[in-house]
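Text of structure00.txt, listed as compact mmCIF, C-alpha atoms:
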# COMPACT_ATOMS: atom_id res chain seq x y z
CA MET Q 492 179.46 -169.44 72.19
CA THR Q 493 180.98 -165.99 72.41
CA MET Q 494 182.32 -164.47 69.16
CA PRO Q 495 185.69 -162.68 69.21
CA GLU Q 496 185.62 -158.94 69.78
CA ASP Q 497 187.14 -158.24 66.40
CA GLU Q 498 184.06 -159.74 64.79
CA THR Q 499 181.36 -158.42 67.16
CA ILE Q 500 180.21 -155.11 68.55
CA MET Q 501 179.92 -156.09 72.24
CA ALA Q 502 176.49 -155.91 73.77
CA GLU Q 503 177.77 -154.06 76.79
CA LYS Q 504 179.17 -151.27 74.50
CA THR Q 505 176.15 -150.91 72.25
CA GLY Q 506 173.20 -151.93 74.34
CA SER Q 507 172.09 -154.36 71.64
CA PRO Q 508 171.99 -158.17 71.81
CA ILE Q 509 175.28 -159.99 71.51
CA GLY Q 510 176.24 -160.97 67.94
CA THR Q 511 173.62 -158.93 66.11
CA THR Q 512 176.03 -156.71 64.10
CA SER Q 513 179.57 -157.48 63.08
CA ARG Q 514 182.10 -154.78 62.29
CA ARG Q 515 182.18 -155.86 58.66
CA GLN Q 516 178.42 -155.58 58.51
CA ALA Q 517 178.50 -152.16 60.15
CA ILE Q 518 181.11 -150.90 57.71
CA GLY Q 519 179.08 -152.26 54.80
CA VAL Q 520 175.94 -150.51 56.00
CA MET Q 521 177.81 -147.24 56.50
CA GLY Q 522 179.41 -147.51 53.06
CA THR Q 523 176.05 -148.07 51.41
CA ALA Q 524 174.53 -145.10 53.22
CA ALA Q 525 177.44 -142.88 52.25
CA ALA Q 526 177.16 -143.90 48.61
CA ALA Q 527 173.44 -143.22 48.67
CA GLY Q 528 174.12 -139.79 50.13
CA MET Q 529 176.63 -139.01 47.40
CA VAL Q 530 174.19 -140.04 44.69
CA GLY Q 531 171.53 -137.88 46.27
CA ALA Q 532 173.88 -134.94 46.34
CA ALA Q 533 174.98 -135.42 42.73
CA VAL Q 534 171.51 -135.81 41.22
CA PRO Q 535 169.42 -132.65 41.62
CA ALA Q 536 165.81 -132.92 42.68
CA LEU Q 537 163.08 -132.38 40.12
CA GLY Q 538 162.76 -128.72 39.29
CA ALA Q 539 166.21 -127.86 40.66
CA THR Q 540 169.00 -126.26 38.58
CA PRO Q 541 170.61 -129.00 36.44
CA LEU Q 542 174.14 -130.02 37.22
CA ARG Q 543 176.72 -128.21 35.05
CA VAL Q 544 179.89 -130.09 34.24
CA SER Q 545 182.72 -127.92 32.93
CA THR Q 546 184.03 -128.83 29.48
CA PRO Q 547 187.77 -129.40 29.42
CA PRO Q 548 189.76 -127.21 27.00
CA PRO Q 549 190.69 -128.78 23.65
CA VAL Q 550 193.91 -130.75 23.60
CA LEU Q 551 196.08 -129.45 20.78
CA VAL Q 552 198.79 -131.39 19.05
CA PRO Q 553 202.19 -129.94 20.03
CA GLN Q 554 203.09 -127.49 17.31
CA ALA Q 555 206.47 -129.15 16.77
CA ASP Q 556 204.64 -132.36 15.75
CA LEU Q 557 202.83 -130.76 12.78
CA VAL Q 558 204.39 -131.77 9.48
CA ASP Q 559 202.72 -129.39 7.01
CA VAL Q 560 200.58 -126.27 6.91
CA LEU Q 561 197.36 -128.17 6.26
CA GLU Q 562 197.65 -129.77 9.71
CA TYR Q 563 197.13 -126.37 11.35
CA GLU Q 564 193.53 -126.24 10.13
CA PRO Q 565 192.09 -129.01 12.38
CA GLN Q 566 193.88 -127.43 15.35
CA ALA Q 567 192.12 -124.13 14.63
CA ARG Q 568 188.83 -126.04 14.44
CA LEU Q 569 189.42 -127.45 17.91
CA VAL Q 570 189.99 -124.01 19.41
CA LEU Q 571 187.31 -122.01 17.59
CA GLY Q 572 184.49 -124.48 17.00
CA PRO Q 573 182.44 -124.84 13.79
CA ALA Q 574 180.82 -121.39 13.72
CA LYS Q 575 183.87 -119.25 14.50
CA VAL Q 576 186.24 -121.14 12.27
CA ALA Q 577 183.96 -120.99 9.19
CA PRO Q 578 185.29 -117.66 7.77
CA ILE Q 579 188.84 -119.02 7.54
CA LEU Q 580 188.05 -122.38 5.95
CA GLY Q 581 187.92 -123.38 2.33
CA SER Q 582 190.22 -123.30 -0.67
CA ASP Q 583 190.28 -124.31 -4.30
CA ARG Q 584 193.22 -126.45 -5.45
CA THR Q 585 191.86 -127.81 -8.73
CA VAL Q 586 194.32 -125.69 -10.71
CA THR Q 587 197.25 -126.01 -8.31
CA ASP Q 588 197.09 -129.80 -8.32
CA ARG Q 589 197.16 -129.91 -12.13
CA ILE Q 590 200.66 -128.42 -12.16
CA THR Q 591 203.72 -130.54 -11.48
CA LEU Q 592 207.37 -129.55 -11.03
CA ARG Q 593 210.34 -130.80 -13.05
CA PRO Q 594 213.25 -131.81 -10.79
CA ARG Q 595 216.78 -131.05 -11.92
CA MET Q 596 219.90 -132.51 -10.37
CA ASN Q 597 223.59 -131.58 -10.32
CA ILE Q 598 222.95 -127.85 -9.93
CA PRO Q 599 224.88 -126.24 -7.03
CA THR Q 600 222.40 -124.82 -4.49
CA ARG Q 601 224.66 -124.28 -1.49
CA ASP Q 602 224.28 -120.50 -1.86
CA LEU Q 603 220.48 -120.67 -2.03
CA ASP Q 604 218.94 -117.20 -1.88
CA LEU Q 605 215.22 -116.52 -1.33
CA THR Q 606 215.49 -112.75 -0.89
CA SER Q 607 213.37 -110.39 -2.97
CA THR Q 608 213.06 -106.62 -3.20
CA LEU Q 609 209.60 -105.07 -3.22
CA PHE Q 610 208.84 -101.35 -3.09
CA GLY Q 611 212.25 -100.44 -1.75
CA ASP Q 612 212.45 -103.10 0.98
CA GLN Q 613 214.41 -106.33 0.92
CA HIS Q 614 212.32 -109.31 2.02
CA PHE Q 615 213.74 -112.52 3.45
CA ALA Q 616 211.43 -114.52 1.15
CA PRO Q 617 208.64 -113.64 -1.31
CA ILE Q 618 205.98 -114.69 1.23
CA ILE Q 619 203.84 -111.94 2.77
CA VAL Q 620 201.16 -112.26 5.44
CA GLY Q 621 197.96 -111.10 3.76
CA PRO Q 622 195.13 -108.97 5.18
CA MET Q 623 192.33 -110.45 7.29
CA ALA Q 624 189.73 -108.29 9.05
CA ASP Q 625 188.98 -108.27 12.80
CA GLN Q 626 191.50 -110.87 13.90
CA LYS Q 627 190.34 -110.77 17.51
CA ARG Q 628 187.56 -113.03 16.31
CA PHE Q 629 190.18 -115.76 16.17
CA HIS Q 630 192.64 -114.87 18.96
CA PRO Q 631 192.47 -112.47 21.94
CA ASP Q 632 195.63 -110.63 20.85
CA GLY Q 633 194.43 -110.27 17.26
CA GLU Q 634 196.67 -108.36 14.88
CA VAL Q 635 199.33 -107.74 17.52
CA ALA Q 636 200.01 -111.48 17.76
CA MET Q 637 199.92 -111.70 13.96
CA ALA Q 638 202.51 -108.91 13.68
CA ARG Q 639 204.76 -110.58 16.26
CA GLY Q 640 204.56 -113.93 14.51
CA ALA Q 641 205.16 -112.46 11.05
CA SER Q 642 208.11 -110.43 12.34
CA ALA Q 643 209.63 -113.49 14.03
CA ALA Q 644 209.49 -115.25 10.65
CA LYS Q 645 211.00 -112.18 8.90
CA ALA Q 646 207.85 -111.67 6.82
CA ALA Q 647 206.06 -108.46 5.91
CA MET Q 648 202.43 -108.12 6.93
CA VAL Q 649 199.40 -106.48 5.32
CA VAL Q 650 197.02 -104.93 7.86
CA SER Q 651 193.32 -104.74 7.01
CA SER Q 652 191.60 -101.37 7.32
CA ASP Q 653 188.96 -103.35 9.24
CA ALA Q 654 191.48 -104.49 11.84
CA SER Q 655 190.35 -104.99 15.43
CA LEU Q 656 193.21 -102.82 16.74
CA PRO Q 657 194.60 -99.41 15.70
CA LEU Q 658 197.33 -99.50 13.09
CA ALA Q 659 199.69 -97.64 15.45
CA THR Q 660 199.33 -100.40 18.05
CA ILE Q 661 200.00 -103.09 15.48
CA ALA Q 662 203.02 -101.19 14.18
CA GLN Q 663 204.58 -101.18 17.64
CA ALA Q 664 204.58 -104.98 17.62
CA ALA Q 665 206.14 -105.30 14.15
CA THR Q 666 209.79 -105.28 13.16
CA THR Q 667 209.20 -106.06 9.48
CA PRO Q 668 207.48 -103.88 6.83
CA LEU Q 669 203.77 -103.20 7.25
CA TRP Q 670 201.42 -102.55 4.35
CA LEU Q 671 197.88 -101.28 4.78
CA GLN Q 672 194.92 -102.67 2.87
CA VAL Q 673 192.01 -100.34 2.03
CA TYR Q 674 188.84 -100.59 -0.05
CA ALA Q 675 188.54 -98.42 -3.14
CA LYS Q 676 185.04 -97.31 -2.22
CA SER Q 677 185.62 -96.77 1.50
CA PRO Q 678 184.11 -93.48 2.82
CA LYS Q 679 186.94 -93.16 5.38
CA ILE Q 680 189.78 -93.42 2.89
CA LYS Q 681 191.39 -90.07 3.81
CA ASP Q 682 191.59 -90.97 7.49
CA VAL Q 683 192.96 -94.42 6.68
CA LEU Q 684 195.69 -93.01 4.43
CA ALA Q 685 196.67 -90.50 7.13
CA GLU Q 686 196.86 -93.35 9.65
CA ALA Q 687 199.08 -95.34 7.27
CA SER Q 688 201.47 -92.44 6.87
CA ALA Q 689 201.65 -91.82 10.64
CA ALA Q 690 202.38 -95.50 11.29
CA LYS Q 691 205.15 -95.49 8.65
CA ALA Q 692 203.49 -98.13 6.52
CA LYS Q 693 205.51 -99.03 3.44
CA ALA Q 694 202.70 -99.48 0.91
CA VAL Q 695 198.93 -99.31 0.43
CA ILE Q 696 196.97 -102.16 -1.12
CA VAL Q 697 193.67 -101.08 -2.67
CA THR Q 698 191.07 -103.85 -2.99
CA VAL Q 699 188.96 -103.03 -6.03
CA ASN Q 700 186.61 -105.98 -6.49
CA ALA Q 701 184.90 -106.03 -3.08
CA GLY Q 702 182.46 -103.89 -1.10
CA THR Q 703 183.40 -101.11 1.33
CA SER Q 704 184.46 -103.58 4.02
CA ALA Q 705 185.22 -107.23 4.54
CA SER Q 706 181.86 -107.80 6.23
CA GLY Q 707 179.87 -106.26 3.42
CA SER Q 708 178.05 -108.03 0.62
CA ALA Q 709 180.18 -109.76 -1.98
CA ALA Q 710 180.66 -107.83 -5.20
CA PRO Q 711 179.21 -109.52 -8.30
CA ALA Q 712 181.64 -110.98 -10.79
CA SER Q 713 180.51 -108.43 -13.38
CA ALA Q 714 181.18 -105.41 -11.14
CA ARG Q 715 183.35 -102.77 -12.78
CA ILE Q 716 186.45 -101.35 -11.15
CA ASP Q 717 186.10 -97.74 -10.02
CA TRP Q 718 189.29 -96.44 -11.58
CA ALA Q 719 188.56 -92.88 -10.52
CA ALA Q 720 188.64 -94.04 -6.88
CA VAL Q 721 191.96 -95.79 -7.47
CA GLU Q 722 193.43 -92.69 -9.05
CA ALA Q 723 192.24 -90.56 -6.14
CA ILE Q 724 194.01 -92.86 -3.67
CA VAL Q 725 197.22 -92.69 -5.72
CA LYS Q 726 197.08 -88.90 -5.59
CA GLY Q 727 196.15 -88.88 -1.91
CA THR Q 728 199.28 -90.65 -0.61
CA SER Q 729 203.01 -90.63 -1.15
CA LEU Q 730 203.15 -94.40 -0.47
CA PRO Q 731 203.29 -96.87 -3.36
CA VAL Q 732 199.79 -98.07 -4.23
CA ILE Q 733 199.15 -101.71 -5.16
CA VAL Q 734 195.86 -102.65 -6.79
CA LYS Q 735 194.42 -105.96 -5.50
CA GLY Q 736 191.69 -107.81 -7.34
CA ILE Q 737 193.16 -108.04 -10.83
CA THR Q 738 192.08 -111.05 -12.89
CA HIS Q 739 192.45 -109.71 -16.45
CA PRO Q 740 195.50 -108.38 -18.33
CA GLN Q 741 193.67 -105.27 -19.49
CA ASP Q 742 192.78 -104.37 -15.89
CA ALA Q 743 196.45 -104.73 -14.97
CA LYS Q 744 197.40 -102.30 -17.73
CA GLU Q 745 194.75 -99.85 -16.57
CA ALA Q 746 196.00 -100.04 -12.97
CA VAL Q 747 199.50 -99.11 -14.11
CA ALA Q 748 198.13 -96.29 -16.24
CA ARG Q 749 196.32 -94.93 -13.17
CA GLY Q 750 199.55 -94.82 -11.18
CA ALA Q 751 199.67 -98.19 -9.42
CA LYS Q 752 203.14 -99.41 -8.48
CA GLY Q 753 202.07 -103.04 -8.29
CA VAL Q 754 199.11 -105.39 -8.76
CA VAL Q 755 197.79 -108.42 -6.91
CA VAL Q 756 196.13 -111.16 -8.93
CA SER Q 757 193.16 -112.07 -6.73
CA ASN Q 758 189.58 -113.21 -7.13
CA TYR Q 759 188.47 -112.22 -3.63
CA ARG Q 760 185.12 -110.44 -3.75
CA GLY Q 761 184.38 -109.64 -0.13
CA GLY Q 762 181.64 -110.79 2.21
CA ASN Q 763 181.36 -114.56 2.56
CA ALA Q 764 181.66 -115.29 -1.15
CA ALA Q 765 182.82 -118.79 -1.96
CA ALA Q 766 186.33 -119.15 -3.35
CA LEU Q 767 186.45 -119.00 -7.12
CA THR Q 768 188.72 -120.99 -9.38
CA GLY Q 769 192.37 -120.78 -8.33
CA THR Q 770 194.40 -117.81 -9.53
CA LEU Q 771 197.62 -119.51 -10.65
CA LEU Q 772 196.80 -119.62 -14.36
CA LEU Q 773 195.83 -115.95 -14.30
CA VAL Q 774 199.31 -114.83 -13.26
CA ALA Q 775 201.27 -115.29 -16.50
CA PRO Q 776 198.91 -113.22 -18.72
CA VAL Q 777 198.96 -110.37 -16.20
CA VAL Q 778 202.76 -110.50 -15.97
CA GLN Q 779 202.97 -110.40 -19.75
CA ALA Q 780 200.62 -107.41 -19.87
CA VAL Q 781 202.60 -105.21 -17.45
CA GLY Q 782 206.07 -106.46 -18.33
CA ASP Q 783 208.76 -105.05 -16.08
CA GLN Q 784 206.80 -101.91 -15.21
CA VAL Q 785 205.49 -103.15 -11.85
CA PRO Q 786 205.75 -106.33 -9.73
CA VAL Q 787 202.86 -108.77 -9.84
CA LEU Q 788 201.78 -110.48 -6.61
CA VAL Q 789 199.11 -113.15 -6.14
CA ASP Q 790 196.89 -114.66 -3.45
CA GLY Q 791 194.40 -117.50 -3.22
CA SER Q 792 194.63 -121.04 -1.78
CA PHE Q 793 198.39 -121.22 -1.27
CA ARG Q 794 199.01 -124.05 1.19
CA ARG Q 795 202.43 -125.48 0.30
CA GLY Q 796 205.86 -124.27 -0.69
CA THR Q 797 205.35 -125.97 -4.06
CA ASP Q 798 202.28 -123.75 -4.63
CA ILE Q 799 204.42 -120.67 -4.07
CA LEU Q 800 207.15 -121.93 -6.37
CA LYS Q 801 204.56 -122.44 -9.12
CA ALA Q 802 203.34 -118.85 -8.73
CA LEU Q 803 206.92 -117.59 -8.97
CA GLY Q 804 207.41 -119.76 -12.04
CA PHE Q 805 204.54 -117.96 -13.76
CA GLY Q 806 206.22 -114.62 -13.03
CA ALA Q 807 204.81 -113.50 -9.67
CA LYS Q 808 207.22 -111.60 -7.43
CA GLY Q 809 205.47 -112.53 -4.20
CA VAL Q 810 202.59 -114.45 -2.66
CA LEU Q 811 200.11 -113.26 0.00
CA ILE Q 812 199.15 -115.93 2.54
CA GLY Q 813 195.77 -115.59 4.27
CA ARG Q 814 193.88 -118.49 5.82
CA PRO Q 815 196.88 -120.64 6.84
CA VAL Q 816 198.35 -117.91 9.07
CA MET Q 817 194.91 -117.46 10.61
CA TRP Q 818 194.88 -121.16 11.50
CA GLY Q 819 198.23 -120.73 13.16
CA LEU Q 820 197.06 -117.63 15.02
CA ALA Q 821 193.87 -119.27 16.28
CA ALA Q 822 195.57 -122.42 17.52
CA TYR Q 823 198.95 -121.23 18.79
CA GLY Q 824 198.98 -117.42 18.72
CA ALA Q 825 202.10 -115.62 17.48
CA ASP Q 826 204.09 -118.87 17.57
CA GLY Q 827 201.56 -120.45 15.22
CA VAL Q 828 201.89 -117.60 12.73
CA ARG Q 829 205.66 -117.96 12.82
CA GLY Q 830 205.38 -121.72 12.39
CA VAL Q 831 203.17 -121.47 9.31
CA VAL Q 832 205.34 -118.87 7.58
CA GLU Q 833 208.62 -120.62 8.37
CA MET Q 834 207.21 -123.94 7.19
CA LEU Q 835 206.31 -122.37 3.83
CA GLN Q 836 209.71 -120.69 3.59
CA THR Q 837 211.44 -124.01 4.27
CA GLU Q 838 209.33 -125.87 1.72
CA LEU Q 839 209.96 -123.19 -0.90
CA ALA Q 840 213.71 -123.45 -0.31
CA ARG Q 841 213.63 -127.25 -0.46
CA TYR Q 842 211.82 -127.41 -3.79
CA MET Q 843 213.88 -124.63 -5.35
CA CYS Q 844 216.89 -126.85 -4.63
CA MET Q 845 215.20 -129.94 -6.03
CA CYS Q 846 214.40 -128.04 -9.22
CA GLY Q 847 217.94 -126.68 -9.48
CA ARG Q 848 216.95 -123.03 -8.93
CA PRO Q 849 219.33 -121.44 -6.41
CA SER Q 850 217.74 -117.97 -6.58
CA LEU Q 851 214.42 -116.36 -7.44
CA ALA Q 852 215.97 -114.96 -10.61
CA ALA Q 853 216.50 -118.54 -11.81
CA VAL Q 854 212.83 -119.49 -11.34
CA ASP Q 855 210.80 -119.54 -14.54
CA SER Q 856 207.99 -121.46 -16.21
CA SER Q 857 210.33 -124.16 -17.56
CA LEU Q 858 210.34 -125.85 -14.14
CA MET Q 859 206.60 -126.64 -14.44
CA ARG Q 860 204.25 -128.73 -16.47
CA VAL Q 861 200.54 -127.89 -16.63
CA HIS Q 862 198.34 -130.95 -17.07
CA ALA Q 863 194.90 -130.98 -18.64
CA ALA Q 864 191.91 -131.48 -16.38
CA LEU Q 865 191.28 -135.14 -15.75
CA PRO Q 866 188.07 -136.51 -17.33
CA ALA Q 867 185.38 -137.84 -15.05
CA VAL Q 868 185.92 -141.49 -14.16
CA ARG Q 869 183.06 -143.75 -15.24
CA ASN Q 870 181.69 -146.03 -12.53
CA ASN Q 871 181.59 -149.51 -14.14
CA HIS Q 872 179.90 -151.00 -11.11
CA GLY Q 873 176.70 -149.03 -11.42
Rendering of file as structure tokens:
Amino acid sequence: MTMPEDETIMAEKTGSPIGTTSRRQAIGVMGTAAAAGMVGAAVPALGATPLRVSTPPPVLVPQADLVDVLEYEPQARLVLGPAKVAPILGSDRTVTDRITLRPRMNIPTRDLDLTSTLFGDQHFAPIIVGPMADQKRFHPDGEVAMARGASAAKAAMVVSSDASLPLATIAQAATTPLWLQVYAKSPKIKDVLAEASAAKAKAVIVTVNAGTSASGSAAPASARIDWAAVEAIVKGTSLPVIVKGITHPQDAKEAVARGAKGVVVSNYRGGNAAALTGTLLLVAPVVQAVGDQVPVLVDGSFRRGTDILKALGFGAKGVLIGRPVMWGLAAYGADGVRGVVEMLQTELARYMCMCGRPSLAAVDSSLMRVHAALPAVRNNHG
């Protein structure tokens, strides 16, 4: 019996016996051989260079889908990885979370006003982008992207003297006030002050409780402030000088006596020192010590608009934001910085309304309640 041509490779065309190989069989054999060839090509021989498979870039959540500032942190982790993100992680909220707000209804807040005046400039809100050294570690555009994002959110920015870009370059990207941060013991202080003046910076922040740079060793808690260095900086510039690193009322008084025009309550000590206890409860004693002589600012673990409102309630005139804007920068660039700052501004406005405080002048300590630390919970199940 002769098989149909569509099932048989004819003997007269192949030179092989009739019916030995069907087309389906031939295709199957060819497919198997091709697959074997592909496997052989994909798997390198022993001793050959191993196959390198490219890692796809991290998939970020769309920025518009983030609901609070804390959600920016895992996005920064995705982009930077564990080692690079480490310097901008961590916070201490044990004090912040012990303070609750007292809502108040039936207070007109239609004319809500967040504006504040600091060192001759009017600020859209009392939220300032704080200093962080060498920002190119976290984003290719570094401080330029930070300046663009801060300006888009109508926020002033403090530039570190250890910035990865010249101050003049950063200033070109900014449309809001720039302050320059320096270290009291820095050997290049004269050059830095000249650079600040040339870039038309609006103020100089002197960090007094750290080393000579952000990458240096952390200063011990018992280290004394070099007041002579502070006084020399005051005399060496026409810009208002703000002393950062104040944790005691007497130090605040001394800063004012040495010519400071403002102080920042901060427990930052440089290097990679772990965050100390939150600074919120340190604000009121410092404000009481200096009175109306100079404005008191504060930094340290501010993550929500409610945190900022609490600081203002204790008498602070402004809050410096550090790590959260770095998360925004790392994950989304200038847009991320803007998103973080605007989110905090919006939250501050919302909770001022809920507490019946339509302006910063109306914010005081009566809107808060400080709770005692909760005792340890005993485990009854062993």
Interatomic distance between atom CA of Lys681 of chain Q and atom CA of Gly727 of chain Q?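 Interatomic distance, atom CA of Lys681 of chain Q to atom CA of Gly727 of chain Q: 7.5 Å.
For His862 of chain Q, the non-local neighbours within 9 Å, defined as residues at least 4 positions apart in the same chain or in other chains and counting only C-alpha atoms, are Q:Asp588, Q:Arg589, Q:Ile590, Q:Thr591.
If you measure from each of Q:Val781, Q:Ile716, Q:Ile598, Q:Ile724 to Met845 of chain Q using only C-alpha atoms, the closest one turns out to be Q:Ile598.
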Could you state the separation of atom CA of Ser857 of chain Q and atom CA of Leu592 of chain Q in Å, given to one decimal place?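 Answer for the atom CA of Ser857 of chain Q to atom CA of Leu592 of chain Q separation: 9.0 Å.
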Here is a test: counting all atoms listed in the file, which residue of Q:Lys726, Q:Arg848, Q:His630, Q:His739 is nearest to Ala567 of chain Q?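 The closest residue to Ala567 of chain Q is Q:His630.
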**Item:** 10 Å contact set for His614 of chain Q, only C-alpha atoms, chain neighbours under 4 positions out, as an MDAnalysis selection string
**Value:** chainID Q and resid 605:609 618:619 645:647 667:668 809
